[in-house]
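See below for the structure under consideration.
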Amino acid sequence: MINLHARTVVFDIDGTLCFDGRTIDRRILATIDACERAGHRLVFASARPVRDLLPVLDGAFPAATLIGGNGSLVSVGGQVRARAAFDAAGFGALMDAVGRYGASYLADGPWDYAYTGPEDHPIRSRVDQGRLARRVDLAELPEVVKFLVVGASDLPALAEAGRGLGLTVNHHLDEAIIDFAPGSTTKWEALTSMGITEYVAFGNDINDLDLLRNAERAVRVGSHPGLDTVARITVPADPEAVAAEISLLAEAARATAGSLDR
C-alpha cells in the first residue's frame, strides 16, 4: 500500500493514457473513475489544446481541470481561457526564423487554428477530431498560444533559434516536430498558478519533465531517457499496466479514508 499526502492526480494524455491518438482504453477510464470517486481531484495536462482534449475524453470526467497547450490554456468548470500567449515582437522573430528554415506549422489560438503542413502528416489526425473549431489563416487568430513546427529544412537549428528567443522549446526527435510555447510556459507552471503544489503525475515525454520532477509520486509511462532522473516509477506503455498503477492511488485513498473513519 502506498502512502500519499497528495489528493490531486495529473495525467498527460498522448503516450500516457492514449495510445492510438484518439481514445483511452476502458480499463484506464475505469481506474481514473475509481480515483475520482475515492476523492482524488483530476487534472489532464496535455500538449494538445483544450479543443483537442475533449474528443479524447469523450465526455468523461466533466469536473476535471484541463491544462492544454503545455500550460498555455486552462479549462476550469468548462470555461476555457488563455493564460499565456506569444507577444507580438517575440512571435514576429519566431516567424522570421520559420521563414529562414522554410518551416510548416500548426498554430493554435485559444480555440481555432492555422495549419500549413502536409495533409497526410500524422498530426492532422489529432487536430480538431470533434470538428469543434475552424481552420483559419494565421492572421485571423486573435492570439497564438502554441506553435508546433511539423517540418523544416533544419529542425535542430530552428529549435535553437527558438531557445535564443527565450521560448520554451520541446524538440521531439522521434516525431520530427518542435513544440514552441511562450516564455517559460510549462504544464507544471500552469499547475502551480492554480495553487496546486502537491500531486501525483503520470507522463511519458520531455514536456512532462518539470511536472514529474515536482510530483510527490512521479510515474513515467514508457522509457523516455530524458525522464530517467525524475521518474520514481516506470510502467510499460500498455493500458493494463497503466490502469494497474492508477488503481493503486484509488486503493490508497480508500484506505486513508477508512482509517480516518475508525
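We label chains A, B, ... in the order they appear in the C-alpha cells, count residues from 1 in each chain, and number ligands from 1 in the order shown.
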Counting only C-alpha atoms, what is within 9 Å of segment 206-216 of chain A, bar same-chain residues fewer than 2 positions away, as a PDB file with N, CA and C atoms, in the first residue's frame?
ATOM      1  N   LEU A   4       0.314   8.546   0.583  1.00  0.00           N
ATOM      2  CA  LEU A   4       0.357   9.797  -0.165  1.00  0.00           C
ATOM      3  C   LEU A   4      -0.313  10.921   0.605  1.00  0.00           C
ATOM      4  N   HIS A   5       0.285  12.098   0.554  1.00  0.00           N
ATOM      5  CA  HIS A   5      -0.384  13.306   1.036  1.00  0.00           C
ATOM      6  C   HIS A   5      -1.237  13.910  -0.072  1.00  0.00           C
ATOM      7  N   ALA A   6      -0.734  13.819  -1.307  1.00  0.00           N
ATOM      8  CA  ALA A   6      -1.387  14.472  -2.451  1.00  0.00           C
ATOM      9  C   ALA A   6      -2.762  13.875  -2.703  1.00  0.00           C
ATOM     10  N   VAL A  10      -2.442  14.208 -11.789  1.00  0.00           N
ATOM     11  CA  VAL A  10      -2.279  14.922 -13.054  1.00  0.00           C
ATOM     12  C   VAL A  10      -1.852  13.921 -14.122  1.00  0.00           C
ATOM     13  N   ASP A  12      -0.872  13.303 -18.152  1.00  0.00           N
ATOM     14  CA  ASP A  12      -0.652  13.601 -19.560  1.00  0.00           C
ATOM     15  C   ASP A  12      -1.593  12.698 -20.365  1.00  0.00           C
ATOM     16  N   SER A  46      -1.945  18.402 -21.132  1.00  0.00           N
ATOM     17  CA  SER A  46      -1.528  17.882 -22.430  1.00  0.00           C
ATOM     18  C   SER A  46      -0.872  18.951 -23.291  1.00  0.00           C
ATOM     19  N   ALA A  47      -0.099  18.491 -24.259  1.00  0.00           N
ATOM     20  CA  ALA A  47       0.376  19.393 -25.297  1.00  0.00           C
ATOM     21  C   ALA A  47      -0.779  19.810 -26.210  1.00  0.00           C
ATOM     22  N   ASN A  70       0.498  22.628 -23.386  1.00  0.00           N
ATOM     23  CA  ASN A  70       1.652  22.575 -22.475  1.00  0.00           C
ATOM     24  C   ASN A  70       1.639  23.701 -21.452  1.00  0.00           C
ATOM     25  N   VAL A 169      10.971  25.359 -25.551  1.00  0.00           N
ATOM     26  CA  VAL A 169      11.130  24.560 -26.765  1.00  0.00           C
ATOM     27  C   VAL A 169      11.209  23.084 -26.395  1.00  0.00           C
ATOM     28  N   ASN A 170      10.304  22.297 -26.947  1.00  0.00           N
ATOM     29  CA  ASN A 170      10.363  20.844 -26.814  1.00  0.00           C
ATOM     30  C   ASN A 170      10.563  20.257 -28.203  1.00  0.00           C
ATOM     31  N   HIS A 171      11.778  19.746 -28.453  1.00  0.00           N
ATOM     32  CA  HIS A 171      12.098  19.166 -29.755  1.00  0.00           C
ATOM     33  C   HIS A 171      11.904  17.656 -29.651  1.00  0.00           C
ATOM     34  N   HIS A 172      10.847  17.160 -30.270  1.00  0.00           N
ATOM     35  CA  HIS A 172      10.525  15.735 -30.226  1.00  0.00           C
ATOM     36  C   HIS A 172      11.209  15.041 -31.400  1.00  0.00           C
ATOM     37  N   THR A 186       4.979  26.001 -18.986  1.00  0.00           N
ATOM     38  CA  THR A 186       5.019  24.546 -18.904  1.00  0.00           C
ATOM     39  C   THR A 186       3.752  24.059 -18.197  1.00  0.00           C
ATOM     40  N   LYS A 187       3.520  22.765 -18.259  1.00  0.00           N
ATOM     41  CA  LYS A 187       2.382  22.187 -17.553  1.00  0.00           C
ATOM     42  C   LYS A 187       2.507  22.446 -16.050  1.00  0.00           C
ATOM     43  N   TRP A 188       3.717  22.279 -15.520  1.00  0.00           N
ATOM     44  CA  TRP A 188       3.924  22.480 -14.091  1.00  0.00           C
ATOM     45  C   TRP A 188       3.681  23.934 -13.688  1.00  0.00           C
ATOM     46  N   GLU A 189       4.160  24.856 -14.513  1.00  0.00           N
ATOM     47  CA  GLU A 189       3.955  26.275 -14.223  1.00  0.00           C
ATOM     48  C   GLU A 189       2.465  26.612 -14.211  1.00  0.00           C
ATOM     49  N   LEU A 191       0.051  24.493 -13.518  1.00  0.00           N
ATOM     50  CA  LEU A 191      -0.499  23.821 -12.334  1.00  0.00           C
ATOM     51  C   LEU A 191      -0.280  24.666 -11.078  1.00  0.00           C
ATOM     52  N   THR A 197       0.183  22.330  -5.662  1.00  0.00           N
ATOM     53  CA  THR A 197       1.608  22.061  -5.448  1.00  0.00           C
ATOM     54  C   THR A 197       1.874  20.630  -4.979  1.00  0.00           C
ATOM     55  N   GLU A 198       0.866  19.953  -4.467  1.00  0.00           N
ATOM     56  CA  GLU A 198       1.010  18.556  -4.068  1.00  0.00           C
ATOM     57  C   GLU A 198       0.168  17.699  -5.005  1.00  0.00           C
ATOM     58  N   TYR A 199       0.820  16.784  -5.690  1.00  0.00           N
ATOM     59  CA  TYR A 199       0.100  15.997  -6.697  1.00  0.00           C
ATOM     60  C   TYR A 199       0.905  14.760  -7.072  1.00  0.00           C
ATOM     61  N   VAL A 200       0.219  13.820  -7.680  1.00  0.00           N
ATOM     62  CA  VAL A 200       0.815  12.661  -8.332  1.00  0.00           C
ATOM     63  C   VAL A 200       0.758  12.919  -9.833  1.00  0.00           C
ATOM     64  N   ALA A 201       1.799  12.559 -10.569  1.00  0.00           N
ATOM     65  CA  ALA A 201       1.812  12.845 -12.010  1.00  0.00           C
ATOM     66  C   ALA A 201       2.158  11.605 -12.820  1.00  0.00           C
ATOM     67  N   PHE A 202       1.494  11.499 -13.969  1.00  0.00           N
ATOM     68  CA  PHE A 202       1.787  10.469 -14.963  1.00  0.00           C
ATOM     69  C   PHE A 202       2.195  11.176 -16.258  1.00  0.00           C
ATOM     70  N   GLY A 203       3.337  10.810 -16.835  1.00  0.00           N
ATOM     71  CA  GLY A 203       3.772  11.425 -18.085  1.00  0.00           C
ATOM     72  C   GLY A 203       4.688  10.502 -18.858  1.00  0.00           C
ATOM     73  N   ASN A 204       4.964  10.873 -20.102  1.00  0.00           N
ATOM     74  CA  ASN A 204       5.778   9.979 -20.935  1.00  0.00           C
ATOM     75  C   ASN A 204       6.851  10.683 -21.748  1.00  0.00           C
ATOM     76  N   ALA A 218       5.955  10.312  -9.046  1.00  0.00           N
ATOM     77  CA  ALA A 218       6.142  10.572 -10.477  1.00  0.00           C
ATOM     78  C   ALA A 218       6.185   9.248 -11.231  1.00  0.00           C
ATOM     79  N   VAL A 219       5.235   9.057 -12.128  1.00  0.00           N
ATOM     80  CA  VAL A 219       5.126   7.811 -12.880  1.00  0.00           C
ATOM     81  C   VAL A 219       5.430   8.073 -14.343  1.00  0.00           C
ATOM     82  N   ARG A 220       6.489   7.430 -14.831  1.00  0.00           N
ATOM     83  CA  ARG A 220       6.823   7.518 -16.255  1.00  0.00           C
ATOM     84  C   ARG A 220       6.164   6.342 -16.974  1.00  0.00           C
ATOM     85  N   HIS A 224      11.158   6.949 -21.972  1.00  0.00           N
ATOM     86  CA  HIS A 224      11.872   8.118 -22.484  1.00  0.00           C
ATOM     87  C   HIS A 224      13.092   8.394 -21.602  1.00  0.00           C
ATOM     88  N   PRO A 225      14.315   8.393 -22.203  1.00  0.00           N
ATOM     89  CA  PRO A 225      15.526   8.563 -21.381  1.00  0.00           C
ATOM     90  C   PRO A 225      15.643   9.939 -20.742  1.00  0.00           C
ATOM     91  N   GLY A 226      14.972  10.938 -21.310  1.00  0.00           N
ATOM     92  CA  GLY A 226      15.028  12.276 -20.743  1.00  0.00           C
ATOM     93  C   GLY A 226      14.350  12.383 -19.390  1.00  0.00           C
ATOM     94  N   LEU A 227      13.606  11.338 -19.013  1.00  0.00           N
ATOM     95  CA  LEU A 227      12.895  11.342 -17.724  1.00  0.00           C
ATOM     96  C   LEU A 227      13.549  10.423 -16.697  1.00  0.00           C
ATOM     97  N   THR A 229      15.952  10.786 -14.643  1.00  0.00           N
ATOM     98  CA  THR A 229      16.329  11.357 -13.351  1.00  0.00           C
ATOM     99  C   THR A 229      15.134  11.796 -12.505  1.00  0.00           C
ATOM    100  N   VAL A 230      13.945  11.840 -13.079  1.00  0.00           N
ATOM    101  CA  VAL A 230      12.785  12.355 -12.343  1.00  0.00           C
ATOM    102  C   VAL A 230      11.717  11.303 -12.090  1.00  0.00           C
ATOM    103  N   ALA A 231      11.738  10.211 -12.838  1.00  0.00           N
ATOM    104  CA  ALA A 231      10.697   9.187 -12.678  1.00  0.00           C
ATOM    105  C   ALA A 231      11.003   8.310 -11.470  1.00  0.00           C
ATOM    106  N   ARG A 232      10.065   8.217 -10.544  1.00  0.00           N
ATOM    107  CA  ARG A 232      10.229   7.329  -9.393  1.00  0.00           C
ATOM    108  C   ARG A 232       9.696   5.932  -9.701  1.00  0.00           C
TER     109      ARG A 232
END
Exercise. Within segment 4-206 of chain A, find each residue whose DSSP state, derived from the backbone, is alpha helix (DSSP H), and express the selection as JSON, numbers by chain.
Key: {"A": [26, 27, 28, 29, 30, 31, 32, 33, 34, 35, 36, 37, 50, 51, 52, 53, 54, 55, 56, 57, 88, 89, 90, 91, 92, 93, 94, 95, 96, 97, 98, 99, 100, 155, 156, 157, 158, 159, 160, 161, 162, 163, 164, 187, 188, 189, 190, 191, 192, 193]}
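Excluding segment 86-103 of chain A and any residue on its chain fewer than 5 positions from it, the residues at most 6 Å away by only C-alpha atoms are Val144, Gly151, Ala152, Ser153 and Pro182 of chain A.
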Quiz item: Got a sec: who's within 7 Å of segment 126-129 of chain A, counting only C-alpha atoms, leaving out chain neighbours fewer than 4 positions off, as an MDAnalysis selection string?
Solution: chainID A and resid 21 51:52 55 133
Could you save the residues just selected, with C-alpha atoms, as a JSON list (two decimals), in the first residue's frame?
[["chain", "number", "residue", "atom", "x", "y", "z"],
["A", 21, "GLY", "CA", -4.23, 9.27, -30.82],
["A", 51, "ARG", "CA", -10.26, 21.76, -28.02],
["A", 52, "ASP", "CA", -8.42, 18.52, -28.85],
["A", 55, "PRO", "CA", -12.90, 14.34, -28.02],
["A", 133, "ALA", "CA", -13.10, 24.69, -34.33]]
Quiz item: Using only C-alpha atoms, which of the listed residues (A:Val56, A:Val145, A:Leu42, A:Ile177) sits closest to Arg7 of chain A?
Solution: A:Leu42
Practice problem: Fewer than 3 positions away in the same chain doesn't count, so skip those; otherwise give me all residues within 7 Å of Leu167 of chain A, counting only C-alpha atoms, as a ChimeraX atom specification. | Solution: /A:162-163,180-184
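Atom pair atom CA of Ile24 of chain A / atom CA of Phe11 of chain A has a distance of 12.0 Å (rounded to one decimal).
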Practice problem: Enumerate as a PyMOL selection string all residues of segment 41-199 of chain A assigned to strand (DSSP E) by DSSP on the backbone, naming them with the chain letters and numbers the document uses. | Solution: chain A and resi 41-45+65-68+73-76+79-82+104-108+113-115+146-151+168-172+177-181
